[in-house]
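Engineer: Contents are mmCIF, C-alpha atoms; file name work34.cif:
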```
data_query
loop_
_atom_site.label_atom_id
_atom_site.label_comp_id
_atom_site.auth_asym_id
_atom_site.auth_seq_id
_atom_site.Cartn_x
_atom_site.Cartn_y
_atom_site.Cartn_z
CA MET A 1 2.56 5.82 20.90
CA THR A 2 0.11 3.63 22.78
CA GLY A 3 -2.46 1.43 21.09
CA LYS A 4 -5.31 3.65 22.24
CA THR A 5 -3.64 6.84 20.94
CA ARG A 6 -2.84 5.12 17.66
CA ASN A 7 -6.44 3.98 17.28
CA SER A 8 -7.88 7.42 18.05
CA MET A 9 -5.39 9.03 15.64
CA ALA A 10 -6.42 6.57 12.94
CA ALA A 11 -10.10 7.21 13.69
CA ILE A 12 -9.67 11.01 13.45
CA MET A 13 -7.68 10.71 10.23
CA THR A 14 -10.28 8.34 8.78
CA VAL A 15 -13.04 10.84 9.54
CA LEU A 16 -11.02 13.68 7.94
CA VAL A 17 -10.26 11.63 4.83
CA THR A 18 -13.90 10.56 4.55
CA VAL A 19 -15.12 14.16 4.88
CA VAL A 20 -12.64 15.35 2.22
CA MET A 21 -13.68 12.49 -0.06
CA TRP A 22 -17.42 13.16 0.20
CA MET A 23 -17.00 16.96 -0.06
CA THR A 24 -14.89 16.56 -3.19
CA ALA A 25 -17.37 14.09 -4.65
CA ALA A 26 -20.32 16.40 -3.88
CA ILE A 27 -18.64 19.55 -5.22
CA GLY A 28 -17.39 17.62 -8.24
CA ALA A 29 -20.88 16.28 -8.95
CA ILE A 30 -22.37 19.81 -8.77
CA VAL A 31 -19.66 21.26 -11.03
CA LEU A 32 -20.01 18.41 -13.50
CA LEU A 33 -23.80 18.75 -13.54
CA ALA A 34 -23.66 22.50 -14.05
CA GLY A 35 -20.92 22.19 -16.63
CA GLY A 36 -22.79 19.40 -18.39
CA ILE A 37 -25.92 21.54 -18.64
CA GLU A 38 -23.84 24.44 -19.96
CA LEU A 39 -22.19 22.13 -22.49
CA VAL A 40 -25.53 20.78 -23.70
CA SER A 41 -26.83 24.33 -23.97
CA MET A 42 -23.79 25.40 -26.00
CA LEU A 43 -23.94 22.38 -28.28
CA SER A 44 -27.68 22.70 -28.91
CA GLY A 45 -27.37 26.44 -29.41
CA SER A 46 -30.50 27.13 -27.37
CA PRO A 47 -30.74 28.38 -23.80
CA ILE A 48 -31.74 25.88 -21.12
CA SER A 49 -33.95 26.83 -18.21
CA ILE A 50 -33.95 24.96 -14.91
CA GLY A 51 -36.46 26.62 -12.63
CA ALA A 52 -35.32 30.20 -12.17
CA ILE A 53 -31.88 29.47 -13.61
CA LYS A 54 -31.48 30.18 -17.29
CA VAL A 55 -28.35 29.05 -19.06
CA ASP A 56 -27.77 31.18 -22.11
CA ASP A 57 -24.67 33.25 -21.41
CA HIS A 58 -21.58 31.42 -22.61
CA ASP A 59 -18.24 33.06 -21.94
CA ILE A 60 -16.02 30.07 -22.75
CA SER A 61 -15.69 27.86 -25.81
CA VAL A 62 -16.94 24.25 -26.09
CA PRO A 63 -13.41 22.70 -26.11
CA GLU A 64 -12.43 24.73 -23.05
CA LEU A 65 -15.54 23.66 -21.16
CA ALA A 66 -15.22 20.01 -22.23
CA ALA A 67 -11.55 19.97 -21.20
CA GLY A 68 -12.43 21.63 -17.91
CA LEU A 69 -15.11 19.02 -17.20
CA VAL A 70 -12.71 16.19 -18.01
CA GLY A 71 -10.18 17.83 -15.68
CA VAL A 72 -12.73 18.06 -12.88
CA LEU A 73 -13.75 14.43 -13.44
CA VAL A 74 -10.12 13.27 -13.30
CA VAL A 75 -9.39 15.24 -10.12
CA VAL A 76 -12.57 14.02 -8.39
CA CYS A 77 -11.85 10.41 -9.35
CA ALA A 78 -8.24 10.75 -8.13
CA VAL A 79 -9.28 12.30 -4.80
CA VAL A 80 -11.91 9.60 -4.19
CA PHE A 81 -9.48 6.83 -5.18
CA VAL A 82 -6.66 8.22 -2.99
CA SER A 83 -9.10 8.69 -0.10
CA LEU A 84 -10.32 5.10 -0.36
CA GLU A 85 -6.73 3.80 -0.40
CA LEU A 86 -5.83 6.02 2.58
CA ARG A 87 -8.83 4.69 4.48
CA LYS A 88 -7.64 1.14 3.89
CA ILE A 89 -4.16 2.07 5.15
CA LEU A 90 -5.68 3.77 8.20
CA ALA A 91 -7.80 0.67 8.85
CA THR A 92 -4.63 -1.42 9.10
CA LEU A 93 -3.16 1.21 11.44
CA ALA A 94 -6.28 1.06 13.63
CA ALA A 95 -6.05 -2.73 13.63
CA GLY A 96 -2.54 -2.36 15.07
CA ASP A 97 -0.51 -3.68 12.14
CA PRO A 98 0.12 -1.20 9.31
CA PHE A 99 3.28 -2.97 8.14
CA VAL A 100 1.63 -5.31 5.67
CA PRO A 101 2.66 -5.80 2.01
CA GLU A 102 -0.76 -4.57 0.85
CA ASN A 103 0.03 -1.08 2.15
CA ALA A 104 3.12 -0.92 -0.07
CA VAL A 105 0.87 -1.68 -3.05
CA ARG A 106 -1.63 0.96 -1.86
CA LEU A 107 1.10 3.63 -1.64
CA THR A 108 2.22 2.74 -5.18
CA ARG A 109 -1.39 3.06 -6.39
CA ILE A 110 -1.70 6.50 -4.75
CA ALA A 111 1.54 7.60 -6.44
CA ILE A 112 0.26 6.36 -9.81
CA ALA A 113 -3.09 8.15 -9.27
CA ILE A 114 -1.31 11.46 -8.56
CA ALA A 115 1.00 10.93 -11.56
CA ILE A 116 -1.99 10.25 -13.86
CA THR A 117 -3.72 13.39 -12.57
CA GLN A 118 -0.64 15.44 -13.37
CA LEU A 119 -0.26 13.87 -16.81
CA MET A 120 -3.93 14.59 -17.53
CA ARG A 121 -3.27 18.26 -16.70
CA TYR A 122 -0.68 18.36 -19.49
CA VAL A 123 -2.98 16.52 -21.91
CA ILE A 124 -5.81 18.97 -21.20
CA ALA A 125 -3.45 21.97 -21.50
CA ILE A 126 -2.21 20.70 -24.88
CA PHE A 127 -5.80 19.95 -26.02
CA VAL A 128 -7.00 23.44 -25.10
CA GLY A 129 -3.91 25.00 -26.69
CA LEU A 130 -4.53 23.16 -29.94
CA MET A 131 -8.33 23.42 -30.09
CA VAL A 132 -8.95 26.97 -28.93
CA THR A 133 -7.66 29.61 -31.29
CA GLY A 134 -6.01 32.57 -29.68
CA THR A 135 -5.03 30.57 -26.62
CA SER A 136 -1.35 30.21 -25.89
CA LEU A 137 -0.12 26.83 -24.71
CA GLU A 138 0.27 27.19 -20.95
CA PHE A 139 2.49 24.47 -19.60
CA SER A 140 3.52 24.45 -15.97
CA VAL A 141 5.15 21.66 -13.98
CA ASP A 142 3.85 21.13 -10.46
CA LEU A 143 7.07 20.22 -8.70
CA ILE A 144 5.35 19.54 -5.37
CA ALA A 145 3.01 16.99 -6.98
CA TRP A 146 5.87 15.23 -8.78
CA ALA A 147 7.96 15.30 -5.58
CA SER A 148 4.99 13.65 -3.81
CA VAL A 149 4.85 10.98 -6.50
CA ALA A 150 8.58 10.28 -6.09
CA ALA A 151 8.32 10.28 -2.29
CA LEU A 152 5.36 7.88 -2.39
CA PHE A 153 7.17 5.50 -4.74
CA ILE A 154 10.22 5.52 -2.46
CA LEU A 155 8.03 5.09 0.62
CA SER A 156 6.23 2.14 -0.93
CA GLN A 157 9.57 0.46 -1.68
CA VAL A 158 10.71 1.13 1.90
CA PHE A 159 7.41 -0.32 3.14
CA ARG A 160 7.81 -3.38 0.94
CA GLU A 161 11.34 -4.03 2.18
CA GLY A 162 10.33 -3.27 5.78
CA THR A 163 7.47 -5.77 5.74
CA ARG A 164 9.76 -8.39 4.18
CA LEU A 165 12.35 -7.84 6.91
CA ARG A 166 9.71 -7.97 9.61
CA ASP A 167 8.24 -11.19 8.24
CA GLU A 168 11.72 -12.68 8.22
CA GLU A 169 12.29 -11.51 11.79
CA LYS A 170 8.96 -13.04 12.84
CA MET A 171 10.05 -16.37 11.39
CA THR A 172 13.50 -16.22 13.00
CA ILE A 173 13.71 -18.63 15.89
CA MET B 1 15.42 -24.33 0.42
CA SER B 2 18.42 -26.58 0.65
CA ILE B 3 18.78 -26.50 4.45
CA ARG B 4 16.74 -29.09 6.30
CA VAL B 5 16.12 -29.24 10.05
CA THR B 6 16.32 -32.72 11.52
CA LEU B 7 15.25 -31.78 15.01
CA ASP B 8 12.54 -34.45 15.09
CA ARG B 9 15.11 -37.19 14.42
CA VAL B 10 17.47 -35.90 17.14
CA LEU B 11 14.56 -35.64 19.58
CA LEU B 12 13.57 -39.22 18.78
CA ASP B 13 17.14 -40.42 19.39
CA ARG B 14 17.21 -38.59 22.74
CA ARG B 15 13.66 -39.74 23.60
CA MET B 16 12.82 -36.15 24.40
CA SER B 17 9.54 -34.40 23.70
CA LEU B 18 9.30 -31.00 22.03
CA THR B 19 7.62 -29.65 25.17
CA GLU B 20 10.53 -30.74 27.33
CA LEU B 21 13.05 -29.23 24.92
CA SER B 22 11.02 -26.04 24.86
CA GLU B 23 11.24 -25.75 28.65
CA ARG B 24 14.97 -26.50 28.65
CA VAL B 25 16.05 -24.05 25.94
CA GLY B 26 13.57 -21.31 26.83
CA VAL B 27 12.02 -21.15 23.35
CA THR B 28 8.26 -21.31 23.06
CA LEU B 29 6.67 -24.53 21.88
CA ALA B 30 5.11 -22.68 18.97
CA ASN B 31 8.50 -21.40 17.78
CA LEU B 32 10.14 -24.80 18.20
CA SER B 33 7.29 -26.29 16.23
CA ILE B 34 7.91 -23.75 13.42
CA LEU B 35 11.58 -24.76 13.46
CA LYS B 36 10.81 -28.48 13.47
CA THR B 37 8.30 -28.30 10.63
CA GLY B 38 10.69 -26.34 8.43
CA LYS B 39 8.69 -23.13 8.34
CA ALA B 40 11.36 -20.99 10.05
CA LYS B 41 13.27 -18.56 7.83
CA ALA B 42 16.29 -18.16 10.11
CA ILE B 43 17.80 -19.42 13.36
CA ARG B 44 19.73 -17.36 15.89
CA PHE B 45 23.16 -18.51 17.09
CA SER B 46 21.80 -18.28 20.64
CA THR B 47 18.94 -20.68 19.80
CA LEU B 48 21.30 -23.05 18.03
CA GLU B 49 23.68 -22.95 20.98
CA ALA B 50 20.88 -23.73 23.45
CA LEU B 51 19.58 -26.58 21.30
CA CYS B 52 23.05 -28.14 20.94
CA ARG B 53 23.69 -27.75 24.67
CA GLU B 54 20.44 -29.39 25.74
CA LEU B 55 20.48 -32.10 23.08
CA GLY B 56 24.22 -32.77 23.46
CA CYS B 57 24.81 -32.54 19.73
CA GLN B 58 26.55 -30.47 17.07
CA PRO B 59 24.83 -27.92 14.77
CA GLY B 60 25.41 -30.35 11.91
CA ASP B 61 23.27 -32.92 13.69
CA ILE B 62 20.27 -30.58 13.59
CA LEU B 63 20.88 -28.88 10.27
CA ILE B 64 21.56 -30.65 7.00
CA PHE B 65 22.43 -29.15 3.62
CA ASP B 66 20.63 -31.02 0.89
CA SER B 67 21.31 -29.57 -2.56
CA GLU B 68 18.55 -31.63 -4.15
CA ASP B 69 15.94 -30.34 -1.71
CA ASP B 70 14.65 -27.02 -3.02
CA GLY B 71 11.21 -27.41 -1.48
CA ALA B 72 9.49 -26.41 1.73
CA THR B 73 12.27 -26.31 4.24
CA GLU B 74 13.85 -23.32 5.81
CA ARG B 75 16.69 -20.98 5.15
CA VAL B 76 19.06 -20.63 8.03
CA ALA B 77 20.66 -17.27 8.48
CA ALA B 78 22.97 -17.52 11.40
CA GLU B 79 22.93 -14.24 13.29
#
```
So, in terms of C-alpha cells, how does the structure I just supplied come out?

Structural biologist:
Amino acid sequence: MTGKTRNSMAAIMTVLVTVVMWMTAAIGAIVLLAGGIELVSMLSGSPISIGAIKVDDHDISVPELAAGLVGVLVVVCAVVFVSLELRKILATLAAGDPFVPENAVRLTRIAIAIAITQLMRYVIAIFVGLMVTGTSLEFSVDLIAWASVAALFILSQVFREGTRLRDEEKMTI
Amino acid sequence: MSIRVTLDRVLLDRRMSLTELSERVGVTLANLSILKTGKAKAIRFSTLEALCRELGCQPGDILIFDSEDDGATERVAAE
C-alpha cells in the first residue's frame, strides 16, 4: 500500500467514523430529549404539550423508560468514545506511523468501552426484571460483542509487543 | 544496562574521527553516534565485525561488561 493510498483510506475512514459519531450523537440526543419529556410527564402525572405534540399516552412504566434512557445514554457515550479513539488511531495511520504505543492503549480503551456497554446491558436487564412486575428476566449474551472485546484485547497486546520490537529494531545498529 | 560501549576511547587511540569510521564501515554517522553515546539497544554481528575490522581491535575492546553500571548505557543483543 502506497503512502497516498494509505492516506486516502485513512481520510475516508475518518469521514465515515465522524459521520457515524455525529449521527449517533444526534439520534441519541433526540431520543434522550423525547424520553426525558415522557419521563417528566409520567412522574408529574400531567400531560406535557410541546407545540402540536402532546405527551399523555404512556405505554411503558417509569422504571422501563428510565432504564431505556440510561441504556441509550451508555450506548451513545460508548459510540462517541470509540469513534474518538478510532479517529486518533486513523490520524496516526494518515501520519504514516500507526505502530505507536499509544494505539495499543487506545485499542484497550475501546475494548473496555465495549465491555462496559455489554455489562450495562445486563445491569439494565436485571434492573427492569426486578423493578417491573410481570416482566421476566431476559438475559442474553452477545457473543459477537464479547468476541470483539477479546479480539481487541489480544490486538492491543500484539500492537504493544510489535511497537516494542520495532523500537528495538530502530535502535539496533 | 551493564554493557558499555567504549568506541570513543578506541577512536581516540586510533586518532580516527567518527565521520571517517562511518565512511569506512558503511554505517551512518547518526547510527554510529547512537552507538557511541550508549543509546543503542542492540548491535548486529555485521556491524561489530566491520568496526573490529576497520579499527583493528577485538569486540572486547569496544564493549565492556560493567556489573556496577546499571544506568544509561546500551544492551547488546548480538544477532

Engineer: Got a sec to resolve the PyMOL selection byres ((chain B and resi 33-40) around 12) on this structure and send the residues as a PDB file with C-alpha atoms, keeping the file's coordinate frame?

Structural biologist:
```
ATOM      1  CA  ASP A 167       8.240 -11.190   8.240  1.00  0.00           C
ATOM      2  CA  GLU A 168      11.720 -12.680   8.220  1.00  0.00           C
ATOM      3  CA  GLU A 169      12.290 -11.510  11.790  1.00  0.00           C
ATOM      4  CA  LYS A 170       8.960 -13.040  12.840  1.00  0.00           C
ATOM      5  CA  MET A 171      10.050 -16.370  11.390  1.00  0.00           C
ATOM      6  CA  THR A 172      13.500 -16.220  13.000  1.00  0.00           C
ATOM      7  CA  ILE A 173      13.710 -18.630  15.890  1.00  0.00           C
TER       8      ILE A 173
ATOM      9  CA  MET B   1      15.420 -24.330   0.420  1.00  0.00           C
ATOM     10  CA  SER B   2      18.420 -26.580   0.650  1.00  0.00           C
ATOM     11  CA  ILE B   3      18.780 -26.500   4.450  1.00  0.00           C
ATOM     12  CA  ARG B   4      16.740 -29.090   6.300  1.00  0.00           C
ATOM     13  CA  VAL B   5      16.120 -29.240  10.050  1.00  0.00           C
ATOM     14  CA  THR B   6      16.320 -32.720  11.520  1.00  0.00           C
ATOM     15  CA  LEU B   7      15.250 -31.780  15.010  1.00  0.00           C
ATOM     16  CA  ASP B   8      12.540 -34.450  15.090  1.00  0.00           C
ATOM     17  CA  ARG B   9      15.110 -37.190  14.420  1.00  0.00           C
ATOM     18  CA  VAL B  10      17.470 -35.900  17.140  1.00  0.00           C
ATOM     19  CA  LEU B  11      14.560 -35.640  19.580  1.00  0.00           C
ATOM     20  CA  SER B  17       9.540 -34.400  23.700  1.00  0.00           C
ATOM     21  CA  LEU B  18       9.300 -31.000  22.030  1.00  0.00           C
ATOM     22  CA  THR B  19       7.620 -29.650  25.170  1.00  0.00           C
ATOM     23  CA  LEU B  21      13.050 -29.230  24.920  1.00  0.00           C
ATOM     24  CA  SER B  22      11.020 -26.040  24.860  1.00  0.00           C
ATOM     25  CA  VAL B  27      12.020 -21.150  23.350  1.00  0.00           C
ATOM     26  CA  THR B  28       8.260 -21.310  23.060  1.00  0.00           C
ATOM     27  CA  LEU B  29       6.670 -24.530  21.880  1.00  0.00           C
ATOM     28  CA  ALA B  30       5.110 -22.680  18.970  1.00  0.00           C
ATOM     29  CA  ASN B  31       8.500 -21.400  17.780  1.00  0.00           C
ATOM     30  CA  LEU B  32      10.140 -24.800  18.200  1.00  0.00           C
ATOM     31  CA  LYS B  41      13.270 -18.560   7.830  1.00  0.00           C
ATOM     32  CA  ALA B  42      16.290 -18.160  10.110  1.00  0.00           C
ATOM     33  CA  ILE B  43      17.800 -19.420  13.360  1.00  0.00           C
ATOM     34  CA  ARG B  44      19.730 -17.360  15.890  1.00  0.00           C
ATOM     35  CA  THR B  47      18.940 -20.680  19.800  1.00  0.00           C
ATOM     36  CA  LEU B  48      21.300 -23.050  18.030  1.00  0.00           C
ATOM     37  CA  LEU B  51      19.580 -26.580  21.300  1.00  0.00           C
ATOM     38  CA  ILE B  62      20.270 -30.580  13.590  1.00  0.00           C
ATOM     39  CA  LEU B  63      20.880 -28.880  10.270  1.00  0.00           C
ATOM     40  CA  ILE B  64      21.560 -30.650   7.000  1.00  0.00           C
ATOM     41  CA  GLY B  71      11.210 -27.410  -1.480  1.00  0.00           C
ATOM     42  CA  ALA B  72       9.490 -26.410   1.730  1.00  0.00           C
ATOM     43  CA  THR B  73      12.270 -26.310   4.240  1.00  0.00           C
ATOM     44  CA  GLU B  74      13.850 -23.320   5.810  1.00  0.00           C
ATOM     45  CA  ARG B  75      16.690 -20.980   5.150  1.00  0.00           C
ATOM     46  CA  VAL B  76      19.060 -20.630   8.030  1.00  0.00           C
ATOM     47  CA  ALA B  77      20.660 -17.270   8.480  1.00  0.00           C
TER      48      ALA B  77
END
```

Engineer: Given 6 Å of margin on each side, can you work out the centre and size in Å (one decimal) of an axis-aligned box holding every listed atom of range 112-116 of chain A, as JSON?

Structural biologist:
```
{"center_x": -1.0, "center_y": 8.9, "center_z": -11.2, "size_x": 16.1, "size_y": 17.1, "size_z": 17.3}
```

Engineer: Show me, as a PyMOL selection string, the residues that have an atom within 7 Å of Ala10 in chain A when counting all atoms listed in the file, minus same-chain residues fewer than 5 positions from it.

Structural biologist: chain A and resi 90+93-94

Engineer: Within 10 Å of Arg87 in chain A, counting only C-alpha atoms, which residues qualify if same-chain residues fewer than 4 places away don't, as JSON, numbers by chain?

Structural biologist: {"A": [10, 11, 13, 14, 15, 16, 17, 18, 81, 82, 83, 91, 92, 93]}

Engineer: What does the distance between CA of Gly45 in chain A and CA of Val70 in chain A come to in Å, to one decimal place?

Structural biologist: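 Atom-to-atom, CA of Gly45 in chain A and CA of Val70 in chain A are spaced 21.2 Å apart.
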
Engineer: In Å, with one decimal, what is the gap from CA of Pro63 in chain A to CA of Met120 in chain A?

Structural biologist: 15.1 Å

Engineer: Kindly give the distance, in Å, that separates CA of Gly26 in chain B and CA of Arg166 in chain A, rounded to a single decimal.

Structural biologist: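 Spanning CA of Gly26 in chain B to CA of Arg166 in chain A is a straight-line distance of 22.1 Å.
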
Engineer: Nearest to Ala66 in chain A: which of A:Leu43, A:Ile154, A:Ala104, A:Leu143 is it, counting only C-alpha atoms?

Structural biologist: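 Between A:Leu43, A:Ile154, A:Ala104, A:Leu143, the residue approaching Ala66 in chain A most closely is A:Leu43.
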
Engineer: Assuming the chain letters and numbering stay as they are in my file, what does the PyMOL selection byres ((chain B and resi 55) around 10) actually select? List them as a PyMOL selection string.

Structural biologist: chain B and resi 7+10-11+13-14+16+21+24-25+49-54+56-58+61-62

Engineer: Could you list, as a ChimeraX atom specification, every residue within 7 Å of Leu152 in chain A, counting only C-alpha atoms and ignoring same-chain residues fewer than 3 positions away?

Structural biologist: /A:107-108,111,148-149,155-156

Engineer: Taking all atoms listed in the file into account, name the residue in A:Val105, A:Leu33, A:Met131, A:Ala115 that is nearest to Leu73 in chain A.

Structural biologist: A:Leu33

Engineer: So which residues get picked by the PyMOL selection byres ((chain A and resi 127) around 12) here, written as number ranges by chain?

Structural biologist: A: 62-68, 70-71, 120-126, 128-133, 135-139

Engineer: So which one's closest to Pro98 in chain A, A:Val74, A:Leu69, A:Leu86, A:Ile30? Using all atoms listed in the file, please.

Structural biologist: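 Under the stated criterion, the closest residue is A:Leu86.
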
Engineer: Can you put N, CA and C atoms back into range 39-66 of chain B and show it as a short mmCIF file (atom, residue, chain, number, x, y, z; two decimals), in the frame of the given file?

Structural biologist:
```
data_model
loop_
_atom_site.label_atom_id
_atom_site.label_comp_id
_atom_site.auth_asym_id
_atom_site.auth_seq_id
_atom_site.Cartn_x
_atom_site.Cartn_y
_atom_site.Cartn_z
N LYS B 39 9.31 -24.38 8.78
CA LYS B 39 8.69 -23.13 8.34
C LYS B 39 9.54 -21.90 8.72
N ALA B 40 10.53 -22.12 9.60
CA ALA B 40 11.36 -20.99 10.05
C ALA B 40 12.21 -20.48 8.89
N LYS B 41 12.45 -19.14 8.90
CA LYS B 41 13.27 -18.56 7.83
C LYS B 41 14.72 -18.39 8.29
N ALA B 42 14.94 -18.35 9.60
CA ALA B 42 16.29 -18.16 10.11
C ALA B 42 16.36 -18.69 11.54
N ILE B 43 17.60 -18.97 11.97
CA ILE B 43 17.80 -19.42 13.36
C ILE B 43 18.92 -18.60 13.98
N ARG B 44 18.71 -18.16 15.20
CA ARG B 44 19.73 -17.36 15.89
C ARG B 44 20.82 -18.29 16.42
N PHE B 45 22.05 -17.75 16.50
CA PHE B 45 23.16 -18.51 17.09
C PHE B 45 22.80 -18.92 18.52
N SER B 46 22.14 -18.00 19.24
CA SER B 46 21.80 -18.28 20.64
C SER B 46 20.83 -19.47 20.75
N THR B 47 19.89 -19.55 19.82
CA THR B 47 18.94 -20.68 19.80
C THR B 47 19.67 -21.97 19.46
N LEU B 48 20.54 -21.88 18.47
CA LEU B 48 21.30 -23.05 18.03
C LEU B 48 22.19 -23.56 19.16
N GLU B 49 22.80 -22.61 19.85
CA GLU B 49 23.68 -22.95 20.98
C GLU B 49 22.89 -23.67 22.07
N ALA B 50 21.71 -23.13 22.41
CA ALA B 50 20.88 -23.73 23.45
C ALA B 50 20.40 -25.12 23.04
N LEU B 51 20.04 -25.27 21.79
CA LEU B 51 19.58 -26.58 21.30
C LEU B 51 20.71 -27.61 21.38
N CYS B 52 21.91 -27.21 20.92
CA CYS B 52 23.05 -28.14 20.94
C CYS B 52 23.43 -28.50 22.37
N ARG B 53 23.35 -27.51 23.25
CA ARG B 53 23.69 -27.75 24.67
C ARG B 53 22.73 -28.75 25.29
N GLU B 54 21.44 -28.53 25.08
CA GLU B 54 20.44 -29.39 25.74
C GLU B 54 20.31 -30.76 25.08
N LEU B 55 20.59 -30.82 23.78
CA LEU B 55 20.48 -32.10 23.08
C LEU B 55 21.81 -32.85 23.03
N GLY B 56 22.89 -32.16 23.46
CA GLY B 56 24.22 -32.77 23.46
C GLY B 56 24.64 -33.16 22.05
N CYS B 57 24.48 -32.24 21.13
CA CYS B 57 24.81 -32.54 19.73
C CYS B 57 25.54 -31.37 19.09
N GLN B 58 25.90 -31.53 17.84
CA GLN B 58 26.55 -30.47 17.07
C GLN B 58 25.52 -29.82 16.14
N PRO B 59 25.79 -28.57 15.71
CA PRO B 59 24.83 -27.92 14.77
C PRO B 59 24.54 -28.79 13.54
N GLY B 60 25.57 -29.49 13.09
CA GLY B 60 25.41 -30.35 11.91
C GLY B 60 24.48 -31.53 12.14
N ASP B 61 24.22 -31.84 13.41
CA ASP B 61 23.27 -32.92 13.69
C ASP B 61 21.83 -32.44 13.52
N ILE B 62 21.63 -31.14 13.68
CA ILE B 62 20.27 -30.58 13.59
C ILE B 62 19.99 -30.04 12.19
N LEU B 63 21.04 -29.50 11.58
CA LEU B 63 20.88 -28.88 10.27
C LEU B 63 21.62 -29.68 9.20
N ILE B 64 20.95 -29.90 8.09
CA ILE B 64 21.56 -30.65 7.00
C ILE B 64 21.41 -29.86 5.71
N PHE B 65 22.50 -29.80 4.94
CA PHE B 65 22.43 -29.15 3.62
C PHE B 65 22.14 -30.23 2.58
N ASP B 66 21.03 -30.05 1.91
CA ASP B 66 20.63 -31.02 0.89
C ASP B 66 20.40 -30.27 -0.42
#
```
